[in-house]
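Below is one structure, written out as C-alpha coordinates, with a few remarks after it.
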There are 2 protein chains.
Amino acid sequence: MAARIAGPEIERLVQMLSRLPGLGPRSARRAALHLIKKRDELLGPLGEALRVAHERIVTCATCGNIDTSDPCAICRDSRRDDSLLVVVETVSDLWALERAALLRARYHVLGGVLSPLDGVGPDDLNLAGLVERLRAGKLREVVIAVNATVDGQTTAHYIADLIAPFAVKTTRLAHGVPVGGELDFLDEGTLAAALERRTVF
Amino acid sequence: MAARIAGPEIERLVQMLSRLPGLGPRSARRAALHLIKKRDELLGPLGEALRVAHERIVTCATCGNIDTSDPCAICRDSRRDDSLLVVVETVSDLWALERAALLRARYHVLGGVLSPLDGVGPDDLNLAGLVERLRAGKLREVVIAVNATVDGQTTAHYIADLIAPFAVKTTRLAHGVPVGGELDFLDEGTLAAALERRTVF
(Lines give C-alpha, C1' and ligand atoms only; values in the text may rest on other atoms or scores of the structure.)
Protein backbone atom coordinates (compact mmCIF):
# COMPACT_ATOMS: atom_id res chain seq x y z
CA MET A 1 0.00 0.00 0.00
CA ALA A 2 1.30 3.44 -0.77
CA ALA A 3 1.89 5.63 2.25
CA ARG A 4 1.11 8.71 0.18
CA ILE A 5 -2.55 7.63 -0.41
CA ALA A 6 -3.62 7.14 3.16
CA GLY A 7 -1.90 8.17 6.35
CA PRO A 8 0.95 6.24 7.98
CA GLU A 9 -1.58 4.98 10.56
CA ILE A 10 -3.41 2.89 7.96
CA GLU A 11 -0.11 1.78 6.44
CA ARG A 12 1.03 0.64 9.88
CA LEU A 13 -2.24 -1.23 10.52
CA VAL A 14 -1.95 -3.09 7.19
CA GLN A 15 1.69 -3.92 7.90
CA MET A 16 0.87 -5.31 11.36
CA LEU A 17 -2.10 -7.33 10.05
CA SER A 18 0.03 -8.80 7.25
CA ARG A 19 2.24 -10.39 9.93
CA LEU A 20 -0.59 -12.61 11.15
CA PRO A 21 -0.37 -16.19 9.93
CA GLY A 22 -2.81 -16.70 7.06
CA LEU A 23 -2.90 -13.05 5.97
CA GLY A 24 -0.75 -11.83 3.07
CA PRO A 25 -0.37 -8.20 1.98
CA ARG A 26 -3.58 -8.29 -0.09
CA SER A 27 -5.76 -9.89 2.57
CA ALA A 28 -4.21 -7.61 5.21
CA ARG A 29 -5.39 -4.62 3.17
CA ARG A 30 -8.85 -6.17 2.88
CA ALA A 31 -8.90 -6.87 6.62
CA ALA A 32 -7.80 -3.29 7.40
CA LEU A 33 -10.59 -1.83 5.24
CA HIS A 34 -13.10 -4.22 6.80
CA LEU A 35 -11.97 -3.12 10.27
CA ILE A 36 -12.22 0.56 9.37
CA LYS A 37 -15.68 0.00 7.89
CA LYS A 38 -16.80 -1.79 11.07
CA ARG A 39 -15.16 0.83 13.24
CA ASP A 40 -17.23 0.50 16.38
CA GLU A 41 -18.33 -3.13 16.12
CA LEU A 42 -14.92 -4.58 15.29
CA LEU A 43 -11.96 -2.18 15.11
CA GLY A 44 -12.47 -0.78 18.59
CA PRO A 45 -13.30 -4.10 20.33
CA LEU A 46 -10.41 -5.94 18.63
CA GLY A 47 -8.02 -3.21 19.74
CA GLU A 48 -9.37 -3.50 23.26
CA ALA A 49 -9.14 -7.33 23.21
CA LEU A 50 -5.50 -7.05 22.14
CA ARG A 51 -4.75 -4.47 24.82
CA VAL A 52 -6.29 -6.71 27.51
CA ALA A 53 -4.46 -9.75 26.16
CA HIS A 54 -1.16 -7.88 26.10
CA GLU A 55 -1.65 -6.73 29.65
CA ARG A 56 -2.96 -9.88 31.24
CA ILE A 57 -1.91 -13.04 29.41
CA VAL A 58 0.94 -14.94 31.01
CA THR A 59 2.59 -18.32 30.54
CA CYS A 60 1.87 -20.84 33.28
CA ALA A 61 5.14 -21.60 35.06
CA THR A 62 3.96 -25.14 35.82
CA CYS A 63 2.73 -26.44 32.47
CA GLY A 64 3.56 -23.81 29.82
CA ASN A 65 -0.09 -23.13 28.95
CA ILE A 66 -1.18 -19.52 28.44
CA ASP A 67 -3.81 -17.91 30.62
CA THR A 68 -4.51 -14.73 32.53
CA SER A 69 -3.39 -16.39 35.74
CA ASP A 70 -0.32 -18.37 36.79
CA PRO A 71 -0.91 -21.23 37.62
CA CYS A 72 -3.35 -21.53 34.73
CA ALA A 73 -6.99 -22.64 34.97
CA ILE A 74 -6.07 -26.24 34.12
CA CYS A 75 -3.32 -26.46 36.75
CA ARG A 76 -5.70 -24.93 39.32
CA ASP A 77 -8.64 -27.22 38.37
CA SER A 78 -9.07 -29.51 41.40
CA ARG A 79 -11.26 -32.00 39.47
CA ARG A 80 -8.39 -33.08 37.26
CA ASP A 81 -6.36 -36.22 37.75
CA ASP A 82 -2.95 -35.29 39.20
CA SER A 83 -1.48 -38.63 38.19
CA LEU A 84 -2.21 -38.31 34.45
CA LEU A 85 -0.01 -35.94 32.43
CA VAL A 86 -0.38 -35.23 28.70
CA VAL A 87 2.76 -33.87 27.01
CA VAL A 88 2.06 -31.69 23.96
CA GLU A 89 4.15 -29.60 21.60
CA THR A 90 2.20 -26.37 21.65
CA VAL A 91 -0.69 -24.58 23.33
CA SER A 92 -2.80 -25.12 20.21
CA ASP A 93 -2.34 -28.88 20.60
CA LEU A 94 -3.48 -28.54 24.22
CA TRP A 95 -6.57 -26.67 23.03
CA ALA A 96 -7.24 -29.33 20.38
CA LEU A 97 -7.11 -32.13 22.97
CA GLU A 98 -9.29 -30.18 25.38
CA ARG A 99 -11.89 -29.76 22.63
CA ALA A 100 -12.06 -33.56 22.46
CA ALA A 101 -12.76 -33.29 26.24
CA LEU A 102 -11.95 -36.94 26.89
CA LEU A 103 -9.37 -36.77 29.65
CA ARG A 104 -9.50 -34.73 32.84
CA ALA A 105 -5.72 -34.68 32.81
CA ARG A 106 -2.94 -32.20 33.50
CA TYR A 107 -0.79 -30.97 30.62
CA HIS A 108 2.81 -30.16 29.91
CA VAL A 109 3.56 -27.89 26.94
CA LEU A 110 7.03 -28.46 25.45
CA GLY A 111 7.00 -25.31 23.36
CA GLY A 112 8.18 -27.13 20.22
CA VAL A 113 9.95 -30.29 19.15
CA LEU A 114 13.58 -31.32 18.87
CA SER A 115 14.77 -30.28 15.44
CA PRO A 116 18.53 -30.40 14.85
CA LEU A 117 18.10 -28.83 11.42
CA ASP A 118 16.38 -25.78 12.94
CA GLY A 119 18.85 -25.70 15.83
CA VAL A 120 16.26 -26.73 18.43
CA GLY A 121 17.90 -28.88 21.10
CA PRO A 122 16.65 -30.31 24.43
CA ASP A 123 17.55 -27.08 26.26
CA ASP A 124 15.16 -25.10 24.06
CA LEU A 125 12.16 -27.16 25.20
CA ASN A 126 10.40 -27.12 28.55
CA LEU A 127 11.98 -30.44 29.57
CA ALA A 128 13.48 -29.39 32.92
CA GLY A 129 9.95 -28.65 34.09
CA LEU A 130 8.83 -32.09 32.98
CA VAL A 131 11.62 -33.82 34.92
CA GLU A 132 10.69 -31.76 37.97
CA ARG A 133 7.09 -32.95 37.71
CA LEU A 134 8.28 -36.55 37.35
CA ARG A 135 10.48 -36.14 40.43
CA ALA A 136 7.50 -34.86 42.44
CA GLY A 137 6.34 -38.49 42.30
CA LYS A 138 2.62 -37.96 41.77
CA LEU A 139 2.48 -39.21 38.18
CA ARG A 140 1.12 -42.61 37.23
CA GLU A 141 0.93 -42.16 33.46
CA VAL A 142 2.44 -39.77 30.91
CA VAL A 143 0.75 -39.60 27.49
CA ILE A 144 3.22 -38.34 24.90
CA ALA A 145 0.82 -36.54 22.54
CA VAL A 146 3.25 -34.94 20.10
CA ASN A 147 2.52 -34.65 16.39
CA ALA A 148 3.05 -37.70 14.19
CA THR A 149 5.86 -35.97 12.30
CA VAL A 150 9.50 -37.10 12.10
CA ASP A 151 10.62 -34.41 14.56
CA GLY A 152 7.64 -35.16 16.79
CA GLN A 153 8.50 -38.85 16.95
CA THR A 154 12.19 -38.12 17.64
CA THR A 155 11.06 -35.91 20.50
CA ALA A 156 8.70 -38.63 21.73
CA HIS A 157 11.58 -41.10 21.96
CA TYR A 158 13.74 -38.56 23.75
CA ILE A 159 10.99 -37.95 26.30
CA ALA A 160 10.34 -41.67 26.73
CA ASP A 161 14.04 -42.03 27.64
CA LEU A 162 13.70 -39.18 30.15
CA ILE A 163 10.72 -40.91 31.77
CA ALA A 164 12.29 -44.40 31.82
CA PRO A 165 14.10 -44.01 35.20
CA PHE A 166 10.82 -43.15 36.93
CA ALA A 167 8.14 -45.70 37.78
CA VAL A 168 5.66 -44.15 35.40
CA LYS A 169 3.66 -45.68 32.55
CA THR A 170 4.45 -44.01 29.21
CA THR A 171 1.85 -44.05 26.43
CA ARG A 172 1.37 -42.45 23.01
CA LEU A 173 -1.61 -41.62 20.82
CA ALA A 174 -3.00 -44.42 18.62
CA HIS A 175 -2.40 -44.32 14.87
CA GLY A 176 -5.26 -45.13 12.51
CA VAL A 177 -7.94 -43.87 10.17
CA PRO A 178 -9.28 -40.44 11.21
CA VAL A 179 -12.99 -40.51 12.10
CA GLY A 180 -14.85 -39.42 8.98
CA GLY A 181 -11.72 -39.96 6.86
CA GLU A 182 -11.78 -41.61 3.45
CA LEU A 183 -9.30 -44.42 2.90
CA ASP A 184 -8.60 -43.20 -0.62
CA PHE A 185 -7.03 -40.01 0.73
CA LEU A 186 -4.86 -41.60 3.42
CA ASP A 187 -1.16 -42.32 3.10
CA GLU A 188 0.17 -45.87 3.23
CA GLY A 189 1.73 -45.39 6.66
CA THR A 190 -1.63 -44.59 8.22
CA LEU A 191 -3.37 -47.44 6.42
CA ALA A 192 -0.64 -49.89 7.44
CA ALA A 193 -0.98 -48.78 11.08
CA ALA A 194 -4.77 -49.02 10.92
CA LEU A 195 -4.59 -52.54 9.46
CA GLU A 196 -1.93 -53.73 11.86
CA ARG A 197 -3.83 -52.50 14.92
CA ARG A 198 -7.27 -53.56 13.64
CA THR A 199 -9.80 -54.33 16.37
CA VAL A 200 -12.64 -56.86 16.65
CA PHE A 201 -15.91 -55.60 15.16
CA MET B 1 -12.31 -22.69 21.72
CA ALA B 2 -13.41 -23.67 25.16
CA ALA B 3 -13.67 -20.84 27.65
CA ARG B 4 -12.80 -23.20 30.48
CA ILE B 5 -9.28 -23.87 29.13
CA ALA B 6 -8.05 -20.33 28.84
CA GLY B 7 -9.52 -17.14 30.21
CA PRO B 8 -12.36 -15.22 28.59
CA GLU B 9 -9.78 -12.68 27.40
CA ILE B 10 -8.21 -15.19 25.00
CA GLU B 11 -11.66 -16.44 23.99
CA ARG B 12 -12.65 -12.87 23.17
CA LEU B 13 -9.48 -12.25 21.15
CA VAL B 14 -10.06 -15.40 19.08
CA GLN B 15 -13.70 -14.45 18.52
CA MET B 16 -12.77 -10.94 17.34
CA LEU B 17 -10.01 -12.23 15.05
CA SER B 18 -12.37 -14.78 13.50
CA ARG B 19 -14.50 -11.89 12.25
CA LEU B 20 -11.74 -10.65 9.97
CA PRO B 21 -12.23 -11.56 6.32
CA GLY B 22 -10.02 -14.51 5.43
CA LEU B 23 -9.78 -15.88 8.98
CA GLY B 24 -12.02 -18.75 10.12
CA PRO B 25 -12.24 -20.12 13.69
CA ARG B 26 -9.18 -22.32 13.23
CA SER B 27 -6.95 -19.67 11.68
CA ALA B 28 -8.19 -17.15 14.26
CA ARG B 29 -6.96 -19.47 17.02
CA ARG B 30 -3.63 -19.82 15.23
CA ALA B 31 -3.42 -16.05 14.81
CA ALA B 32 -4.24 -15.49 18.50
CA LEU B 33 -1.51 -17.91 19.61
CA HIS B 34 0.95 -16.31 17.20
CA LEU B 35 0.09 -12.89 18.63
CA ILE B 36 0.51 -14.10 22.21
CA LYS B 37 3.83 -15.70 21.31
CA LYS B 38 5.03 -12.46 19.72
CA ARG B 39 3.68 -10.42 22.59
CA ASP B 40 5.92 -7.39 22.39
CA GLU B 41 6.79 -7.43 18.69
CA LEU B 42 3.25 -7.95 17.40
CA LEU B 43 0.43 -8.15 19.95
CA GLY B 44 1.23 -4.83 21.58
CA PRO B 45 1.96 -2.90 18.36
CA LEU B 46 -1.13 -4.28 16.56
CA GLY B 47 -3.29 -3.26 19.51
CA GLU B 48 -1.74 0.19 19.41
CA ALA B 49 -2.20 0.45 15.61
CA LEU B 50 -5.88 -0.43 16.03
CA ARG B 51 -6.31 2.08 18.83
CA VAL B 52 -4.74 4.84 16.73
CA ALA B 53 -6.82 3.84 13.70
CA HIS B 54 -10.00 3.82 15.76
CA GLU B 55 -9.24 7.25 17.13
CA ARG B 56 -7.99 9.01 14.05
CA ILE B 57 -9.32 7.52 10.81
CA VAL B 58 -12.15 9.46 9.17
CA THR B 59 -13.95 9.39 5.83
CA CYS B 60 -13.15 12.30 3.53
CA ALA B 61 -16.32 14.36 3.06
CA THR B 62 -15.23 15.34 -0.46
CA CYS B 63 -14.26 12.03 -2.08
CA GLY B 64 -15.20 9.23 0.35
CA ASN B 65 -11.59 8.05 0.79
CA ILE B 66 -10.41 7.16 4.31
CA ASP B 67 -7.57 9.02 5.96
CA THR B 68 -6.58 10.58 9.25
CA SER B 69 -7.55 14.00 7.91
CA ASP B 70 -10.61 15.42 6.17
CA PRO B 71 -10.08 16.45 3.37
CA CYS B 72 -7.87 13.42 2.73
CA ALA B 73 -4.26 13.50 1.47
CA ILE B 74 -5.39 13.03 -2.14
CA CYS B 75 -7.93 15.86 -2.01
CA ARG B 76 -5.29 18.10 -0.40
CA ASP B 77 -2.54 17.17 -2.89
CA SER B 78 -1.97 20.33 -4.95
CA ARG B 79 -0.02 18.47 -7.66
CA ARG B 80 -3.10 16.56 -8.79
CA ASP B 81 -5.21 17.49 -11.80
CA ASP B 82 -8.45 19.09 -10.58
CA SER B 83 -10.12 18.49 -13.94
CA LEU B 84 -9.67 14.69 -13.96
CA LEU B 85 -11.92 12.64 -11.68
CA VAL B 86 -11.81 8.84 -11.31
CA VAL B 87 -15.03 7.28 -9.96
CA VAL B 88 -14.46 4.00 -8.06
CA GLU B 89 -16.65 1.62 -6.07
CA THR B 90 -14.56 1.26 -2.95
CA VAL B 91 -11.48 2.54 -1.16
CA SER B 92 -9.65 -0.67 -2.04
CA ASP B 93 -10.23 0.10 -5.75
CA LEU B 94 -8.80 3.56 -5.15
CA TRP B 95 -5.73 1.99 -3.53
CA ALA B 96 -5.38 -0.45 -6.43
CA LEU B 97 -5.43 2.38 -9.00
CA GLU B 98 -2.99 4.44 -6.94
CA ARG B 99 -0.59 1.49 -6.88
CA ALA B 100 -0.60 1.65 -10.70
CA ALA B 101 0.41 5.31 -10.14
CA LEU B 102 -0.48 6.35 -13.69
CA LEU B 103 -2.84 9.27 -13.17
CA ARG B 104 -2.37 12.23 -10.85
CA ALA B 105 -6.16 12.48 -10.64
CA ARG B 106 -8.77 13.15 -7.98
CA TYR B 107 -11.09 10.34 -6.92
CA HIS B 108 -14.70 9.83 -6.01
CA VAL B 109 -15.59 6.74 -3.96
CA LEU B 110 -19.18 5.57 -4.50
CA GLY B 111 -19.19 3.20 -1.54
CA GLY B 112 -20.69 0.35 -3.57
CA VAL B 113 -22.66 -0.29 -6.75
CA LEU B 114 -26.33 -0.22 -7.64
CA SER B 115 -27.75 -3.61 -6.84
CA PRO B 116 -31.57 -3.89 -6.87
CA LEU B 117 -31.34 -7.49 -5.60
CA ASP B 118 -29.41 -6.38 -2.51
CA GLY B 119 -31.64 -3.33 -2.08
CA VAL B 120 -28.87 -0.85 -2.98
CA GLY B 121 -30.38 2.11 -4.84
CA PRO B 122 -28.92 5.46 -6.02
CA ASP B 123 -29.56 7.05 -2.61
CA ASP B 124 -27.27 4.50 -0.95
CA LEU B 125 -24.28 5.60 -3.02
CA ASN B 126 -22.24 8.78 -2.76
CA LEU B 127 -23.88 10.21 -5.93
CA ALA B 128 -25.08 13.56 -4.53
CA GLY B 129 -21.43 14.39 -3.83
CA LEU B 130 -20.53 13.51 -7.41
CA VAL B 131 -23.23 15.80 -8.85
CA GLU B 132 -21.98 18.57 -6.57
CA ARG B 133 -18.46 18.13 -7.93
CA LEU B 134 -19.82 18.20 -11.49
CA ARG B 135 -21.76 21.39 -10.73
CA ALA B 136 -18.60 23.06 -9.40
CA GLY B 137 -17.59 23.17 -13.08
CA LYS B 138 -13.89 22.32 -12.77
CA LEU B 139 -14.08 18.84 -14.33
CA ARG B 140 -12.92 18.09 -17.85
CA GLU B 141 -13.03 14.28 -17.74
CA VAL B 142 -14.64 11.65 -15.51
CA VAL B 143 -13.20 8.11 -15.70
CA ILE B 144 -15.81 5.60 -14.56
CA ALA B 145 -13.52 2.94 -13.07
CA VAL B 146 -16.08 0.54 -11.58
CA ASN B 147 -15.62 -3.22 -11.64
CA ALA B 148 -16.45 -5.09 -14.86
CA THR B 149 -19.35 -6.90 -13.17
CA VAL B 150 -23.03 -6.72 -14.15
CA ASP B 151 -23.86 -4.44 -11.20
CA GLY B 152 -20.73 -2.39 -11.90
CA GLN B 153 -21.71 -1.83 -15.51
CA THR B 154 -25.31 -0.94 -14.57
CA THR B 155 -23.87 1.62 -12.17
CA ALA B 156 -21.52 2.90 -14.88
CA HIS B 157 -24.49 3.57 -17.20
CA TYR B 158 -26.41 5.29 -14.42
CA ILE B 159 -23.43 7.56 -13.71
CA ALA B 160 -22.89 8.27 -17.41
CA ASP B 161 -26.53 9.48 -17.54
CA LEU B 162 -25.88 11.69 -14.49
CA ILE B 163 -22.85 13.22 -16.19
CA ALA B 164 -24.55 13.70 -19.60
CA PRO B 165 -26.09 17.16 -18.83
CA PHE B 166 -22.63 18.55 -17.96
CA ALA B 167 -20.01 19.43 -20.58
CA VAL B 168 -17.65 16.74 -19.33
CA LYS B 169 -15.94 13.89 -21.20
CA THR B 170 -16.93 10.49 -19.79
CA THR B 171 -14.54 7.56 -20.19
CA ARG B 172 -14.25 3.99 -18.89
CA LEU B 173 -11.42 1.49 -18.39
CA ALA B 174 -10.32 -0.55 -21.42
CA HIS B 175 -11.22 -4.23 -21.63
CA GLY B 176 -8.60 -6.71 -22.77
CA VAL B 177 -6.08 -9.37 -21.87
CA PRO B 178 -4.52 -8.76 -18.41
CA VAL B 179 -0.76 -8.17 -18.58
CA GLY B 180 0.87 -11.52 -17.87
CA GLY B 181 -2.44 -13.31 -18.48
CA GLU B 182 -2.74 -16.55 -20.42
CA LEU B 183 -5.36 -16.62 -23.19
CA ASP B 184 -6.32 -20.16 -22.28
CA PHE B 185 -7.65 -19.03 -18.91
CA LEU B 186 -9.65 -16.04 -20.13
CA ASP B 187 -13.39 -15.98 -20.72
CA GLU B 188 -14.81 -15.40 -24.19
CA GLY B 189 -16.07 -11.91 -23.31
CA THR B 190 -12.56 -10.72 -22.49
CA LEU B 191 -11.08 -12.38 -25.57
CA ALA B 192 -13.79 -10.90 -27.83
CA ALA B 193 -13.11 -7.43 -26.37
CA ALA B 194 -9.35 -7.87 -26.80
CA LEU B 195 -9.79 -8.96 -30.43
CA GLU B 196 -12.26 -6.24 -31.28
CA ARG B 197 -10.06 -3.49 -29.85
CA ARG B 198 -6.79 -4.94 -31.18
CA THR B 199 -4.04 -2.37 -31.80
CA VAL B 200 -1.27 -2.11 -34.41
CA PHE B 201 1.90 -3.98 -33.38
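Naming works like this for the C-alpha coordinates: A, B, ... for the chains as they're shown, residue 1 at the start of each chain, ligands 1 onward in shown order.
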
Problem - Backbone DSSP call of strand (DSSP E) for range 10-191 of chain A, listed as a count of residues only - result: 25

What are the nearest atom pairs, with distances in Å to one decimal, for all residues of chain A that come at most 8 Å from chain B, using only C-alpha atoms, set out by chain and rising residue number as CSV?
residue,atom,partner,partner_atom,distance
A:Met1,CA,B:Trp95,CA,7.0
A:Ala2,CA,B:Arg99,CA,6.7
A:Arg4,CA,B:Ala73,CA,7.3
A:Ile5,CA,B:Ile74,CA,6.3
A:Ala6,CA,B:Asp67,CA,5.2
A:Gly7,CA,B:Asp67,CA,5.7
A:Glu9,CA,B:Ala53,CA,6.2
A:Ile10,CA,B:Ala53,CA,6.7
A:Arg12,CA,B:Ala49,CA,6.6
A:Leu13,CA,B:Ala49,CA,5.4
A:Met16,CA,B:Leu46,CA,5.7
A:Leu17,CA,B:Leu46,CA,7.3
A:Arg19,CA,B:Leu42,CA,7.9
A:Leu20,CA,B:Ala31,CA,5.8
A:Pro21,CA,B:Ala31,CA,5.8
A:Gly22,CA,B:Ser27,CA,6.9
A:Leu23,CA,B:Gly22,CA,7.3
A:Ser27,CA,B:Gly22,CA,6.9
A:Arg29,CA,B:Ser92,CA,7.8
A:Arg30,CA,B:Pro21,CA,7.2
A:Ala31,CA,B:Pro21,CA,5.8
A:Leu33,CA,B:Ser92,CA,7.4
A:His34,CA,B:Leu20,CA,7.3
A:Leu35,CA,B:Leu20,CA,7.5
A:Ile36,CA,B:His54,CA,7.5
A:Arg39,CA,B:His54,CA,6.5
A:Asp40,CA,B:His54,CA,8.0
A:Leu42,CA,B:Met16,CA,7.0
A:Leu43,CA,B:His54,CA,6.3
A:Gly44,CA,B:His54,CA,5.9
A:Pro45,CA,B:Met16,CA,7.5
A:Leu46,CA,B:Met16,CA,5.7
A:Gly47,CA,B:Gly47,CA,4.7
A:Glu48,CA,B:Gly47,CA,7.1
A:Ala49,CA,B:Leu13,CA,5.3
A:Leu50,CA,B:Gly47,CA,5.1
A:Arg51,CA,B:Gly47,CA,5.6
A:Val52,CA,B:Glu9,CA,6.9
A:Ala53,CA,B:Glu9,CA,6.2
A:His54,CA,B:Gly44,CA,6.0
A:Ile57,CA,B:Ile36,CA,7.7
A:Ile66,CA,B:Ala6,CA,6.9
A:Asp67,CA,B:Ala6,CA,5.2
A:Thr68,CA,B:Gly7,CA,6.0
A:Cys72,CA,B:Ala6,CA,7.6
A:Ala73,CA,B:Ile5,CA,6.4
A:Ile74,CA,B:Ile5,CA,6.4
A:Val91,CA,B:Leu33,CA,7.7
A:Ser92,CA,B:Arg30,CA,7.3
A:Trp95,CA,B:Met1,CA,7.1
A:Glu98,CA,B:Ile5,CA,7.3
A:Arg99,CA,B:Ala2,CA,6.8

Exercise for the section: Extract, using only C-alpha atoms, all DNA, RNA and protein residues at most 9 Å from Thr154 in chain A, discarding same-chain residues fewer than 4 positions from it, and format them as a list in words. Expected result: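 In the requested form, the answer reads Val113, Leu114, Ser115, Thr149, Val150, Tyr158 and Ile159 of chain A.
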
Practice task
Please identify all polymer residues within 12 Å of His108 in chain B, counting only C-alpha atoms, omitting same-chain residues fewer than 5 positions from it, and present them as a count of residues only.
Solution key: 37

Practice task
Record the distance separating CA of Leu183 in chain A and CA of Asn147 in chain A, expressed in Å with one decimal.
Solution key: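 Separation of CA of Leu183 in chain A and CA of Asn147 in chain A: 20.4 Å.
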
Problem - Residues near range 170-180 of chain A, cut-off 12 Å, only C-alpha atoms, skip fewer than 3 positions along chain, as a VMD selection string - result: chain A and resid 84 to 88 97 134 139 to 148 152 to 153 155 to 157 159 to 167 183 to 199

Practice task
Using CA of Arg106 in chain A and CA of Asp81 in chain A as the two end points, give the distance in Å to one decimal.
Solution key: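 So the two atoms, CA of Arg106 in chain A and CA of Asp81 in chain A, lie 6.8 Å apart.
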
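Going from CA of Arg79 in chain A over to CA of Ala105 in chain A, you cover 9.1 Å.
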
Problem - Which of chain B fall in alpha helix (DSSP H), as JSON, numbers by chain - result: {"B": [8, 9, 10, 11, 12, 13, 14, 15, 16, 17, 25, 26, 27, 28, 29, 30, 31, 32, 33, 34, 35, 36, 37, 44, 45, 46, 47, 48, 49, 50, 51, 52, 53, 54, 55, 56, 73, 74, 75, 76, 91, 92, 93, 94, 95, 96, 97, 98, 99, 100, 127, 128, 129, 130, 131, 132, 133, 134, 135, 150, 151, 152, 153, 154, 155, 156, 157, 158, 159, 160, 161, 162, 163, 188, 189, 190, 191, 192, 193, 194, 195, 196]}
